[in-house]
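Participant: Shown below is the structure under consideration.
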Amino acid sequence: ICATAFIRNIEEGYLDNPYHNKVHAADVLHSMHFWLQSSTFKPIIDRYPLLRLSAYIGAAVHDFKHPGTNNEFHKNSASDEALTWNDISILENMHVSEAFKMMKMQSCDLLSGLKPQDRQLVRKLVISIVLHTDMSKHTDSIRNLQRSIEFHSEAKKAWMDNSDPNTFLEDTELLLGMAIKCADLCNPCRPRSIMKEWANCINEEFWHQGDLEKALSLPVGPGNDKKSANIALGQQFFIKVLVSPLYITWQKVVPETKVCLDYLRSNLNYWLEKSKKAQNPQRKKTTKPKKKGGKQSKSKSPTRREGNKANKGKSKNEKKAPKREKVGRTK
């Protein structure tokens, strides 16, 4: 009953945005499950169920009550959310805070049956997971993961080695945080038809924010102006600069990432080809419609031919027409 009430309240808390809605939340939750079933996560997750619980809660609430506008909009507009969270991970802090407030309701408290120390662990992990979705920390997160990969390689240590409690907790926070990042940015790693639907949804939300920014005389964010937006170029930037570096690094930790990278490369080629076609549109060859009655002579019209035949056999004097006086054209 408690789990059902929790899920229902979380679902109802997602607004009807074009992109950041309950379908996106379900999609991210599904992707998180995919990572937890991988060869890297599953052996540890199966031994420590609280990690699975934390990951699922974090994925479900990661965009809870999302307003459909990004952190930059809230900073520039000095919104209540920006003032509450001092311009630091504004929406991410709001999502996780609102989720735990909702869980204080007696009917929705998933953690009520846990021991105090276990409850604190789950809360710590959920907060860490949701805060990892802040895109302003994207590059730093990838660098941290790369450094951790190098450390584990040199020390020949397995991921989430529980022999050292401190290292185990650090690994767990990092990997669950990177798992939610990959889940949150997985749209271009989907089959083509699904990828295109999500691309349309996010652009619609961007353009809505752009309209708000114009109405409030705020700086219009990149890609938010519908009149000048180029979806193909925007998706190429998104894939090349943000998604590819993340997934290429993530594959070193989770080998099952390969299937996602295959779709990613295919979809990048799709957007590149779309840009080429837009830059070099094929000129349509125009063909003159043929006149009825077959091929016609360029020099003589049908009426002249008929006139020539009719005049055949007539005398030269008969053929000559009397000269007419020139009449001036009236203006």
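Ordering of the structure tokens sets the chain letters (A, B, ...); residue numbers start at 1 within each chain; ligands are numbered from 1 in the order shown.
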Just list the residues in segment 113-199 of chain A DSSP gives alpha helix (DSSP H) on the backbone, as a PyMOL selection string.
Facilitator: chain A and resi 116-131+138-155+165-184+192-199
Participant: List as a PyMOL selection string the protein and nucleic acid residues near Ser39 of chain A, meaning an atom at most 10 Å away when only C-alpha atoms are counted, but skip any in the same chain fewer than 5 places from it.
Facilitator: chain A and resi 44+253-256
Participant: Can you build me a table of segment 182-280 of chain A residues sitting at most 12 Å from segment 126-131 of chain A, with the closest atom pair per residue and its distance in Å to one decimal, using only C-alpha atoms, sorted by chain and residue number, as a tab-separated table?
Facilitator:
```
residue	atom	partner	partner_atom	distance
A:Cys182	CA	A:Ile129	CA	11.6
A:Ala183	CA	A:Ile129	CA	11.3
A:Asp184	CA	A:Val130	CA	10.3
```
Participant: Pick out the residues sitting within 8 Å of Tyr263 of chain A, and hand them over as number ranges by chain; count only C-alpha atoms, and ignore anything fewer than 6 positions along from it in its own chain.
Facilitator: A: 188-192
Participant: Please tabulate, as CSV, the residues of segment 95-154 of chain A that come within 7 Å of segment 61-65 of chain A, each with its closest pair of atoms and the distance in Å to one decimal, counting only C-alpha atoms and ordering rows by chain, then residue number upward.
Facilitator:
```
residue,atom,partner,partner_atom,distance
A:His95,CA,A:Phe64,CA,4.9
A:Val96,CA,A:Val61,CA,6.6
A:Ala99,CA,A:Val61,CA,6.4
A:Val130,CA,A:His62,CA,5.1
```
Participant: Can those selected residues be exported to a file as an mmCIF file, in the first residue's frame so that it contains N, CA, C and O atoms?
Facilitator:
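Once written, out-v4.cif looks like this:
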```cif
data_model
loop_
_atom_site.group_PDB
_atom_site.id
_atom_site.type_symbol
_atom_site.label_atom_id
_atom_site.label_comp_id
_atom_site.auth_asym_id
_atom_site.auth_seq_id
_atom_site.Cartn_x
_atom_site.Cartn_y
_atom_site.Cartn_z
ATOM 1 N N HIS A 95 13.944 19.138 -6.633
ATOM 2 C CA HIS A 95 13.340 17.825 -6.918
ATOM 3 C C HIS A 95 13.448 16.890 -5.709
ATOM 4 O O HIS A 95 12.464 16.298 -5.272
ATOM 5 N N VAL A 96 14.658 16.756 -5.196
ATOM 6 C CA VAL A 96 14.888 15.787 -4.128
ATOM 7 C C VAL A 96 14.278 16.265 -2.811
ATOM 8 O O VAL A 96 13.776 15.456 -2.012
ATOM 9 N N ALA A 99 10.547 15.652 -2.970
ATOM 10 C CA ALA A 99 10.268 14.214 -2.887
ATOM 11 C C ALA A 99 10.300 13.735 -1.438
ATOM 12 O O ALA A 99 9.419 12.973 -0.999
ATOM 13 N N VAL A 130 20.386 12.304 -7.409
ATOM 14 C CA VAL A 130 19.633 13.382 -8.071
ATOM 15 C C VAL A 130 20.542 14.569 -8.375
ATOM 16 O O VAL A 130 20.463 15.162 -9.463
#
```
Participant: Which residues of segment 151-227 of chain A have any atom within 10 Å of an atom in segment 234-246 of chain A when counting only C-alpha atoms, and what is the closest pair of atoms for each, with the distance in Å to one decimal? Order the rows by chain and rising number and write it as a tab-separated table.
Facilitator:
```
residue	atom	partner	partner_atom	distance
A:Met178	CA	A:Leu246	CA	8.7
A:Lys181	CA	A:Leu246	CA	8.5
A:Cys182	CA	A:Leu246	CA	7.3
A:Leu185	CA	A:Val243	CA	6.7
A:Cys186	CA	A:Val243	CA	8.0
A:Asn187	CA	A:Val243	CA	9.5
A:Pro188	CA	A:Ile239	CA	7.2
A:Cys189	CA	A:Val243	CA	8.9
A:Ala199	CA	A:Gln235	CA	7.7
A:Asn203	CA	A:Gly234	CA	9.3
A:Pro222	CA	A:Gly234	CA	9.0
A:Gly223	CA	A:Gly234	CA	7.1
```
Participant: Please identify all polymer residues within 8 Å of Gly210 of chain A, counting only C-alpha atoms, omitting same-chain residues fewer than 5 positions from it, and present them as a list in words.
Facilitator: Val220, Gly221, Asn224, Asp225 and Lys226 of chain A
Participant: Please, could you write that set of residues out with C-alpha atoms as a short mmCIF file (atom, residue, chain, number, x, y, z; two decimals), in the first residue's frame?
Facilitator:
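Resulting contents of result_36.cif:
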```
data_model
loop_
_atom_site.label_atom_id
_atom_site.label_comp_id
_atom_site.auth_asym_id
_atom_site.auth_seq_id
_atom_site.Cartn_x
_atom_site.Cartn_y
_atom_site.Cartn_z
CA VAL A 220 17.27 33.71 -24.77
CA GLY A 221 19.17 30.48 -24.18
CA ASN A 224 15.42 28.33 -27.35
CA ASP A 225 14.48 30.62 -30.25
CA LYS A 226 12.18 28.67 -32.53
#
```
Participant: Which of these, A:Ser54, A:Ser141, A:Ser217, A:Asn93, has the shortest distance to Leu111 of chain A once you count only C-alpha atoms?
Facilitator: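 Distance minimum relative to Leu111 of chain A lands on A:Ser54.
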Participant: Using only C-alpha atoms, which residues sit within 12 Å of segment 117-124 of chain A once same-chain residues fewer than 6 positions away are excluded, as JSON, numbers by chain?
Facilitator: {"A": [48, 49, 50, 51, 52, 53, 54, 55, 56, 57, 58, 96, 97, 99, 100, 103, 109, 110, 111, 130, 131, 169, 170, 172, 173, 176, 177]}
Participant: Selected residues, N, CA, C and O atoms, written as a compact mmCIF listing (two decimals), in the first residue's frame, please.
Facilitator:
```txt
# COMPACT_ATOMS: atom_id res chain seq x y z
N TYR A 48 23.28 -6.12 -1.69
CA TYR A 48 22.88 -4.97 -0.88
C TYR A 48 21.62 -4.34 -1.46
O TYR A 48 21.69 -3.39 -2.25
N PRO A 49 20.46 -4.84 -1.08
CA PRO A 49 19.18 -4.36 -1.64
C PRO A 49 18.94 -2.86 -1.44
O PRO A 49 18.22 -2.24 -2.23
N LEU A 50 19.54 -2.27 -0.40
CA LEU A 50 19.33 -0.84 -0.16
C LEU A 50 19.89 0.00 -1.30
O LEU A 50 19.40 1.10 -1.57
N LEU A 51 20.92 -0.52 -1.99
CA LEU A 51 21.48 0.21 -3.13
C LEU A 51 20.48 0.23 -4.27
O LEU A 51 20.31 1.25 -4.95
N ARG A 52 19.82 -0.88 -4.50
CA ARG A 52 18.80 -0.94 -5.55
C ARG A 52 17.63 -0.01 -5.22
O ARG A 52 17.14 0.73 -6.08
N LEU A 53 17.21 -0.04 -3.96
CA LEU A 53 16.11 0.83 -3.53
C LEU A 53 16.47 2.30 -3.73
O LEU A 53 15.67 3.08 -4.26
N SER A 54 17.69 2.66 -3.35
CA SER A 54 18.14 4.05 -3.49
C SER A 54 18.16 4.46 -4.97
O SER A 54 17.75 5.59 -5.32
N ALA A 55 18.66 3.57 -5.82
CA ALA A 55 18.76 3.87 -7.25
C ALA A 55 17.38 4.06 -7.87
O ALA A 55 17.16 4.99 -8.67
N TYR A 56 16.44 3.21 -7.50
CA TYR A 56 15.09 3.32 -8.06
C TYR A 56 14.38 4.58 -7.58
O TYR A 56 13.72 5.27 -8.38
N ILE A 57 14.52 4.90 -6.31
CA ILE A 57 13.88 6.12 -5.80
C ILE A 57 14.50 7.35 -6.48
O ILE A 57 13.80 8.25 -6.94
N GLY A 58 15.83 7.37 -6.56
CA GLY A 58 16.52 8.50 -7.19
C GLY A 58 16.09 8.71 -8.63
O GLY A 58 15.85 9.85 -9.06
N VAL A 96 14.66 16.76 -5.20
CA VAL A 96 14.89 15.79 -4.13
C VAL A 96 14.28 16.26 -2.81
O VAL A 96 13.78 15.46 -2.01
N SER A 97 14.29 17.57 -2.58
CA SER A 97 13.69 18.11 -1.36
C SER A 97 12.18 17.88 -1.34
O SER A 97 11.61 17.42 -0.34
N ALA A 99 10.55 15.65 -2.97
CA ALA A 99 10.27 14.21 -2.89
C ALA A 99 10.30 13.74 -1.44
O ALA A 99 9.42 12.97 -1.00
N PHE A 100 11.30 14.17 -0.67
CA PHE A 100 11.37 13.75 0.73
C PHE A 100 10.28 14.40 1.58
O PHE A 100 9.81 13.80 2.55
N MET A 103 7.41 12.25 1.05
CA MET A 103 7.55 10.96 1.74
C MET A 103 7.28 11.07 3.24
O MET A 103 7.12 10.05 3.92
N ASP A 109 5.61 6.95 3.08
CA ASP A 109 6.97 6.83 3.59
C ASP A 109 7.52 5.43 3.33
O ASP A 109 7.34 4.51 4.13
N LEU A 110 8.22 5.31 2.20
CA LEU A 110 8.81 4.01 1.82
C LEU A 110 9.87 3.55 2.82
O LEU A 110 10.15 2.35 2.91
N LEU A 111 10.46 4.48 3.55
CA LEU A 111 11.60 4.16 4.41
C LEU A 111 11.20 3.96 5.87
O LEU A 111 12.07 3.80 6.73
N VAL A 130 20.39 12.30 -7.41
CA VAL A 130 19.63 13.38 -8.07
C VAL A 130 20.54 14.57 -8.38
O VAL A 130 20.46 15.16 -9.46
N LEU A 131 21.43 14.93 -7.47
CA LEU A 131 22.33 16.06 -7.71
C LEU A 131 23.31 15.80 -8.85
O LEU A 131 23.81 16.74 -9.47
N LEU A 169 31.77 3.00 -0.30
CA LEU A 169 30.75 4.05 -0.34
C LEU A 169 31.07 5.08 -1.43
O LEU A 169 30.16 5.53 -2.14
N GLU A 170 32.34 5.40 -1.59
CA GLU A 170 32.74 6.35 -2.64
C GLU A 170 32.41 5.80 -4.03
O GLU A 170 31.88 6.51 -4.89
N THR A 172 30.22 3.53 -4.74
CA THR A 172 28.78 3.40 -4.89
C THR A 172 28.14 4.73 -5.28
O THR A 172 27.33 4.80 -6.22
N GLU A 173 28.52 5.80 -4.59
CA GLU A 173 27.98 7.13 -4.90
C GLU A 173 28.34 7.55 -6.31
O GLU A 173 27.50 8.06 -7.07
N LEU A 176 26.52 5.10 -9.03
CA LEU A 176 25.08 5.33 -9.11
C LEU A 176 24.80 6.72 -9.69
O LEU A 176 23.83 6.91 -10.44
N GLY A 177 25.66 7.69 -9.36
CA GLY A 177 25.50 9.03 -9.93
C GLY A 177 25.73 9.04 -11.42
O GLY A 177 25.00 9.70 -12.18
```
Participant: What's the separation between atom CA of Lys156 of chain A and atom CA of Ile142 of chain A, in Å to one decimal place?
Facilitator: 20.6 Å
Participant: Could you please determine the separation between atom CA of Trp198 of chain A and atom CA of Glu213 of chain A in Å, to one decimal place?
Facilitator: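 Atom-to-atom, atom CA of Trp198 of chain A to atom CA of Glu213 of chain A, that is 22.7 Å.
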